[in-house]
file protein.txt (compact mmCIF, C-alpha atoms)
# COMPACT_ATOMS: atom_id res chain seq x y z
CA MET A 237 -8.62 21.23 -17.23
CA GLU A 238 -8.51 17.50 -16.66
CA ASN A 239 -7.22 16.13 -13.39
CA TYR A 240 -3.67 14.80 -13.63
CA LYS A 241 -0.69 14.08 -11.43
CA ILE A 242 2.28 16.38 -11.05
CA ILE A 243 5.43 16.29 -8.92
CA TYR A 244 5.01 18.56 -5.89
CA GLN A 245 8.31 17.62 -4.24
CA SER A 246 11.19 16.12 -6.21
CA GLY A 247 12.80 12.92 -5.02
CA SER A 248 15.68 10.58 -5.65
CA GLY A 249 16.21 6.85 -5.26
CA GLU A 250 18.95 4.36 -6.07
CA ILE A 251 19.26 0.72 -6.99
CA GLN A 252 22.30 -1.46 -7.72
CA GLU A 253 22.59 -4.11 -10.39
CA LYS A 254 25.81 -6.13 -10.70
CA LYS A 255 27.81 -3.31 -9.09
CA SER A 256 26.35 -0.65 -11.39
CA ARG A 257 24.60 2.18 -9.55
CA PHE A 258 21.39 3.60 -11.00
CA ILE A 259 20.16 6.85 -9.45
CA GLY A 260 16.66 8.01 -10.40
CA THR A 261 15.81 11.67 -9.77
CA THR A 262 12.56 13.51 -10.49
CA PHE A 263 11.94 17.18 -11.25
CA ALA A 264 8.81 19.26 -11.74
CA ILE A 265 9.06 21.28 -14.95
CA LYS A 266 6.91 23.79 -16.83
CA SER A 267 8.63 23.85 -20.22
CA GLU A 268 10.98 21.92 -22.48
CA GLU A 269 13.60 24.64 -22.02
CA GLU A 270 13.53 24.10 -18.26
CA ALA A 271 13.94 20.34 -18.78
CA LYS A 272 16.99 20.89 -20.98
CA GLU A 273 18.58 23.21 -18.41
CA ILE A 274 18.09 20.68 -15.60
CA ILE A 275 19.56 17.90 -17.75
CA GLU A 276 22.70 19.95 -18.37
CA VAL A 277 23.04 20.79 -14.67
CA THR A 278 22.61 17.12 -13.77
CA LYS A 279 25.27 16.05 -16.25
CA LYS A 280 27.70 18.50 -14.63
CA LYS A 281 26.75 17.28 -11.16
CA TYR A 282 27.33 13.64 -12.15
CA TRP A 283 30.22 14.39 -14.49
CA ASP A 284 31.97 11.14 -13.59
CA ALA A 285 28.94 8.93 -14.37
CA ARG A 286 28.84 6.78 -17.51
CA HIS A 287 25.27 7.75 -18.53
CA ASN A 288 22.56 10.28 -17.65
CA CYS A 289 19.47 8.93 -19.37
CA TYR A 290 16.16 10.75 -19.15
CA ALA A 291 12.57 11.24 -20.20
CA TYR A 292 10.20 14.15 -19.77
CA ILE A 293 6.61 15.11 -20.48
CA VAL A 294 5.42 18.70 -20.81
CA GLY A 295 1.68 19.31 -21.09
CA LYS A 296 -1.00 16.81 -21.95
CA ASN A 297 -3.03 15.48 -24.91
CA PRO A 298 -0.58 14.83 -26.37
CA GLY A 299 1.98 17.22 -24.90
CA ILE A 300 5.71 17.13 -25.55
CA LYS A 301 7.44 13.82 -24.86
CA ARG A 302 11.17 13.32 -25.18
CA PHE A 303 13.66 10.69 -24.02
CA SER A 304 17.33 9.82 -24.41
CA ASP A 305 19.41 6.66 -23.99
CA ASP A 306 22.56 8.79 -23.63
CA GLY A 307 24.85 6.16 -25.11
CA GLU A 308 23.08 3.05 -23.82
CA PRO A 309 21.80 0.59 -26.45
CA GLN A 310 18.73 1.97 -28.19
CA GLY A 311 15.47 1.39 -26.35
CA THR A 312 17.06 0.20 -23.09
CA ALA A 313 16.96 3.40 -21.01
CA GLY A 314 15.06 6.47 -22.19
CA LYS A 315 11.91 4.69 -23.36
CA PRO A 316 11.60 2.60 -20.18
CA ILE A 317 11.91 5.80 -18.13
CA LEU A 318 9.19 7.45 -20.24
CA ASP A 319 7.01 4.37 -19.77
CA VAL A 320 7.27 4.81 -15.99
CA LEU A 321 6.12 8.45 -16.22
CA GLU A 322 3.25 7.58 -18.55
CA GLY A 323 2.24 4.59 -16.47
CA ALA A 324 1.95 6.78 -13.39
CA GLY A 325 -0.12 9.37 -15.27
CA ILE A 326 2.35 12.18 -14.53
CA VAL A 327 2.83 15.30 -16.64
CA ASN A 328 5.11 18.35 -16.46
CA ALA A 329 7.83 16.10 -15.13
CA LEU A 330 11.44 15.17 -15.88
CA LEU A 331 13.00 11.91 -14.70
CA ILE A 332 16.74 11.36 -15.01
CA VAL A 333 18.48 8.06 -14.27
CA THR A 334 22.22 8.35 -13.73
CA ARG A 335 24.35 5.23 -14.15
CA TYR A 336 27.74 4.54 -12.65
CA PHE A 337 29.06 1.54 -14.55
CA GLY A 338 30.09 -1.36 -12.33
CA GLY A 339 32.16 -3.24 -14.91
CA THR A 340 29.63 -5.92 -15.89
CA LEU A 341 27.42 -5.70 -18.98
CA LEU A 342 23.75 -6.23 -18.14
CA GLY A 343 22.34 -7.04 -21.55
CA THR A 344 19.18 -5.54 -23.07
CA GLY A 345 16.76 -7.09 -20.58
CA GLY A 346 18.92 -6.25 -17.61
CA LEU A 347 19.28 -2.62 -18.66
CA ILE A 348 15.54 -2.20 -19.17
CA ARG A 349 14.82 -3.66 -15.75
CA ALA A 350 17.49 -1.52 -14.09
CA TYR A 351 16.41 1.77 -15.65
CA THR A 352 12.75 0.98 -14.98
CA GLY A 353 13.52 0.10 -11.37
CA ALA A 354 15.57 3.23 -10.76
CA ALA A 355 12.90 5.44 -12.35
CA LYS A 356 10.23 3.90 -10.09
CA GLU A 357 12.49 4.31 -7.07
CA GLY A 358 12.86 8.03 -7.85
CA LEU A 359 9.08 8.39 -8.12
CA ASN A 360 8.53 6.46 -4.89
CA ASN A 361 10.62 9.04 -3.07
CA SER A 362 8.76 11.99 -4.61
CA LEU A 363 5.55 13.65 -3.46
CA LEU A 364 2.93 13.44 -6.20
CA ILE A 365 -0.31 15.39 -6.15
CA VAL A 366 -3.41 15.40 -8.30
CA GLN A 367 -3.90 18.83 -9.88
CA LYS A 368 -7.50 20.05 -10.10
CA GLU A 369 -9.39 23.16 -11.11
CA GLY A 370 -11.60 24.64 -8.44
CA VAL A 371 -12.63 27.63 -6.37
CA HIS A 372 -11.52 29.18 -3.10
CA ILE A 373 -14.52 29.91 -0.89
CA ILE A 374 -15.03 31.47 2.54
CA ILE A 375 -18.06 30.53 4.63
CA SER A 376 -19.35 32.82 7.39
CA SER A 377 -22.00 31.76 9.88
CA ASN A 378 -23.17 32.19 13.46
CA TYR A 379 -21.92 29.75 16.09
CA PRO A 380 -24.99 27.49 16.31
CA ASP A 381 -25.05 26.97 12.53
CA PHE A 382 -21.30 26.45 12.27
CA GLY A 383 -21.35 23.09 14.03
CA LYS A 384 -23.80 21.72 11.49
CA ILE A 385 -21.87 23.22 8.57
CA ARG A 386 -18.59 21.76 9.77
CA TYR A 387 -20.21 18.34 10.21
CA GLU A 388 -21.53 18.41 6.62
CA ILE A 389 -18.12 19.46 5.25
CA GLU A 390 -16.42 16.63 7.13
CA GLN A 391 -19.00 14.15 5.83
CA ARG A 392 -18.04 15.18 2.32
CA GLU A 393 -14.34 14.68 3.25
CA ILE A 394 -13.42 18.16 2.03
CA PRO A 395 -10.37 19.54 3.91
CA PHE A 396 -10.83 23.00 5.42
CA PHE A 397 -8.45 25.55 6.93
CA ASN A 398 -8.22 28.99 8.54
CA ILE A 399 -11.13 28.77 10.97
CA ASP A 400 -11.57 32.22 12.53
CA TYR A 401 -13.75 32.60 15.64
CA GLN A 402 -14.90 36.21 15.79
CA GLU A 403 -18.43 37.63 16.00
CA LEU A 404 -19.14 35.16 13.22
CA VAL A 405 -17.20 32.00 12.44
CA THR A 406 -15.42 31.89 9.08
CA ILE A 407 -13.90 28.85 7.43
CA GLU A 408 -12.03 28.50 4.13
CA LEU A 409 -12.10 25.66 1.61
CA LEU A 410 -10.51 24.72 -1.70
CA CYS A 411 -13.25 22.95 -3.67
CA THR A 412 -13.96 21.66 -7.11
CA LYS A 413 -16.70 23.63 -8.84
CA GLU A 414 -19.14 20.77 -8.31
CA GLU A 415 -18.33 20.65 -4.58
CA SER A 416 -18.73 24.41 -4.37
CA LYS A 417 -22.29 24.20 -5.68
CA GLU A 418 -23.11 21.56 -3.07
CA ILE A 419 -21.53 23.62 -0.28
CA ILE A 420 -23.44 26.78 -1.23
CA LYS A 421 -26.73 24.88 -1.27
CA MET A 422 -25.92 23.18 2.03
CA VAL A 423 -25.08 26.47 3.78
CA GLU A 424 -28.30 28.06 2.53
CA GLU A 425 -30.37 25.13 3.79
CA ILE A 426 -28.72 24.94 7.23
CA THR A 427 -28.70 28.69 7.90
CA SER A 428 -31.97 29.61 6.15
CA GLY A 429 -30.05 32.37 4.40
CA ARG A 430 -28.23 33.63 7.52
CA GLY A 431 -24.87 32.24 6.37
CA GLU A 432 -22.72 33.59 3.57
CA VAL A 433 -20.42 32.02 1.00
CA LYS A 434 -18.11 34.49 -0.73
CA ASN A 435 -14.81 34.96 -2.58
CA GLU A 436 -15.51 32.26 -5.16
CA GLU A 437 -12.13 32.84 -6.80
CA GLU A 438 -11.13 30.30 -9.44
CA ILE A 439 -7.91 28.53 -8.51
CA VAL A 440 -5.85 25.42 -9.23
CA PHE A 441 -5.10 23.17 -6.28
CA GLY A 442 -3.28 19.93 -5.62
CA GLU A 443 -4.71 17.07 -3.58
CA THR A 444 -2.97 14.28 -1.70
CA ASP A 445 -3.77 12.29 1.44
CA LYS A 446 -6.89 14.35 2.22
CA LYS A 447 -4.85 17.55 2.03
CA ARG A 448 -5.34 20.31 -0.52
CA ILE A 449 -2.61 22.76 -1.54
CA LEU A 450 -3.16 26.03 -3.41
CA LEU A 451 -1.05 25.97 -6.58
CA GLU A 452 -2.10 29.07 -8.52

call {"tool": "encode", "arguments": {"input": "protein.txt", "output": "structure tokens"}}
result
Amino acid sequence: MENYKIIYQSGSGEIQEKKSRFIGTTFAIKSEEEAKEIIEVTKKKYWDARHNCYAYIVGKNPGIKRFSDDGEPQGTAGKPILDVLEGAGIVNALLIVTRYFGGTLLGTGGLIRAYTGAAKEGLNNSLLIVQKEGVHIIISSNYPDFGKIRYEIEQREIPFFNIDYQELVTIELLCTKEESKEIIKMVEEITSGRGEVKNEEEIVFGETDKKRILLE
């Protein structure tokens, strides 16, 4: 699996252009069917809006890509929204921009700028994470060795969690497979075989701001 961005927490943002309101909202999706369901729910939620334009991407290389101008002039809404998703490198995502018409026509250029701006605003208010393949590992060591192990993990800027101080100290990490190989070698060298690395379960995790989140 290649590393790519996904939406971990949906968000919404709004801009105004000549009294028209443009509301950009993001959603994490796993299928085209889910995207279609969310679009229908959004249209019912904003039933009094003039347009609910959207774009979504499911999967990668090339994946499924769809967009809709929902009554706006062709090429002024859906494609700009899709361009925002593609430009950010995001997959498995739906972005809907809802427009409340303010009474003034914006022209082709104005519409493209407005829909692009609202789409970016929605993304700016969402939490994006980089999805990676990796392994879940648990390190066990005696107390003297643990200080050195922790120092080496911190030097590699790998977040850790669930430190348990019992007869031995245990610490858990979500690592890429390459990092895991380095960690195993490091533990062996520091502990001269006294330490243990176990539970090398393959997982998928998300990474953002030096934090790692187990996804599946």

call {"tool": "residues_near_point", "arguments": {"input": "protein.txt", "point": "(22.6, 6.4, -12.0)", "cutoff": "7 Å", "atoms": "only C-alpha atoms", "output": "NGL selection string"}}
result
:A and (257-260 or 288 or 333-336)

call {"tool": "atom_distance", "arguments": {"input": "protein.txt", "atom1": "atom CA of Gly429 of chain A", "atom2": "atom CA of Gln402 of chain A"}}
result
19.3 Å

call {"tool": "atom_distance", "arguments": {"input": "protein.txt", "atom1": "atom CA of Leu410 of chain A", "atom2": "atom CA of Glu432 of chain A"}}
result
16.0 Å

call {"tool": "closest_atom_pairs", "arguments": {"input": "protein.txt", "of": "segment 342-370 of chain A", "to": "segment 304-325 of chain A", "cutoff": "7 Å", "atoms": "only C-alpha atoms", "output": "CSV"}}
result
residue,atom,partner,partner_atom,distance
A:Thr344,CA,A:Thr312,CA,6.1
A:Leu347,CA,A:Thr312,CA,5.7
A:Ile348,CA,A:Thr312,CA,4.8
A:Tyr351,CA,A:Ala313,CA,5.6
A:Thr352,CA,A:Pro316,CA,5.6
A:Ala355,CA,A:Ile317,CA,5.9
A:Lys356,CA,A:Val320,CA,6.7

call {"tool": "closest_residue", "arguments": {"input": "protein.txt", "among": "A:Ala350, A:Ile326, A:Ile394, A:Ile407", "to": "Gln367 of chain A", "atoms": "all atoms listed in the file"}}
result
A:Ile326

call {"tool": "atom_distance", "arguments": {"input": "protein.txt", "atom1": "atom CA of Ser246 of chain A", "atom2": "atom CA of Glu438 of chain A"}}
result
26.6 Å

call {"tool": "closest_residue", "arguments": {"input": "protein.txt", "among": "A:Ile375, A:Ile242, A:Val423, A:Ile385", "to": "Thr406 of chain A", "atoms": "only C-alpha atoms"}}
result
A:Ile375

call {"tool": "residues_near_point", "arguments": {"input": "protein.txt", "point": "(-9.7, 27.2, -2.7)", "cutoff": "7 Å", "atoms": "only C-alpha atoms", "output": "JSON, numbers by chain"}}
result
{"A": [370, 371, 372, 373, 409, 410, 411, 439, 450]}

call {"tool": "closest_residue", "arguments": {"input": "protein.txt", "among": "A:Ile419, A:Ile365, A:Ala285, A:Val327", "to": "Ser256 of chain A", "atoms": "all atoms listed in the file"}}
result
A:Ala285

call {"tool": "residues_around", "arguments": {"input": "protein.txt", "residues": "Gly247 of chain A", "least_positions_apart": "6", "cutoff": "8 Å", "atoms": "all atoms listed in the file", "output": "MDAnalysis selection string"}}
result
chainID A and resid 261:263 358:363

call {"tool": "closest_residue", "arguments": {"input": "protein.txt", "among": "A:Phe397, A:Trp283, A:Phe382, A:Phe303", "to": "Lys447 of chain A", "atoms": "all atoms listed in the file"}}
result
A:Phe397

call {"tool": "closest_residue", "arguments": {"input": "protein.txt", "among": "A:Ser377, A:Thr278, A:Asn328, A:Ser267", "to": "Lys296 of chain A", "atoms": "only C-alpha atoms"}}
result
A:Asn328
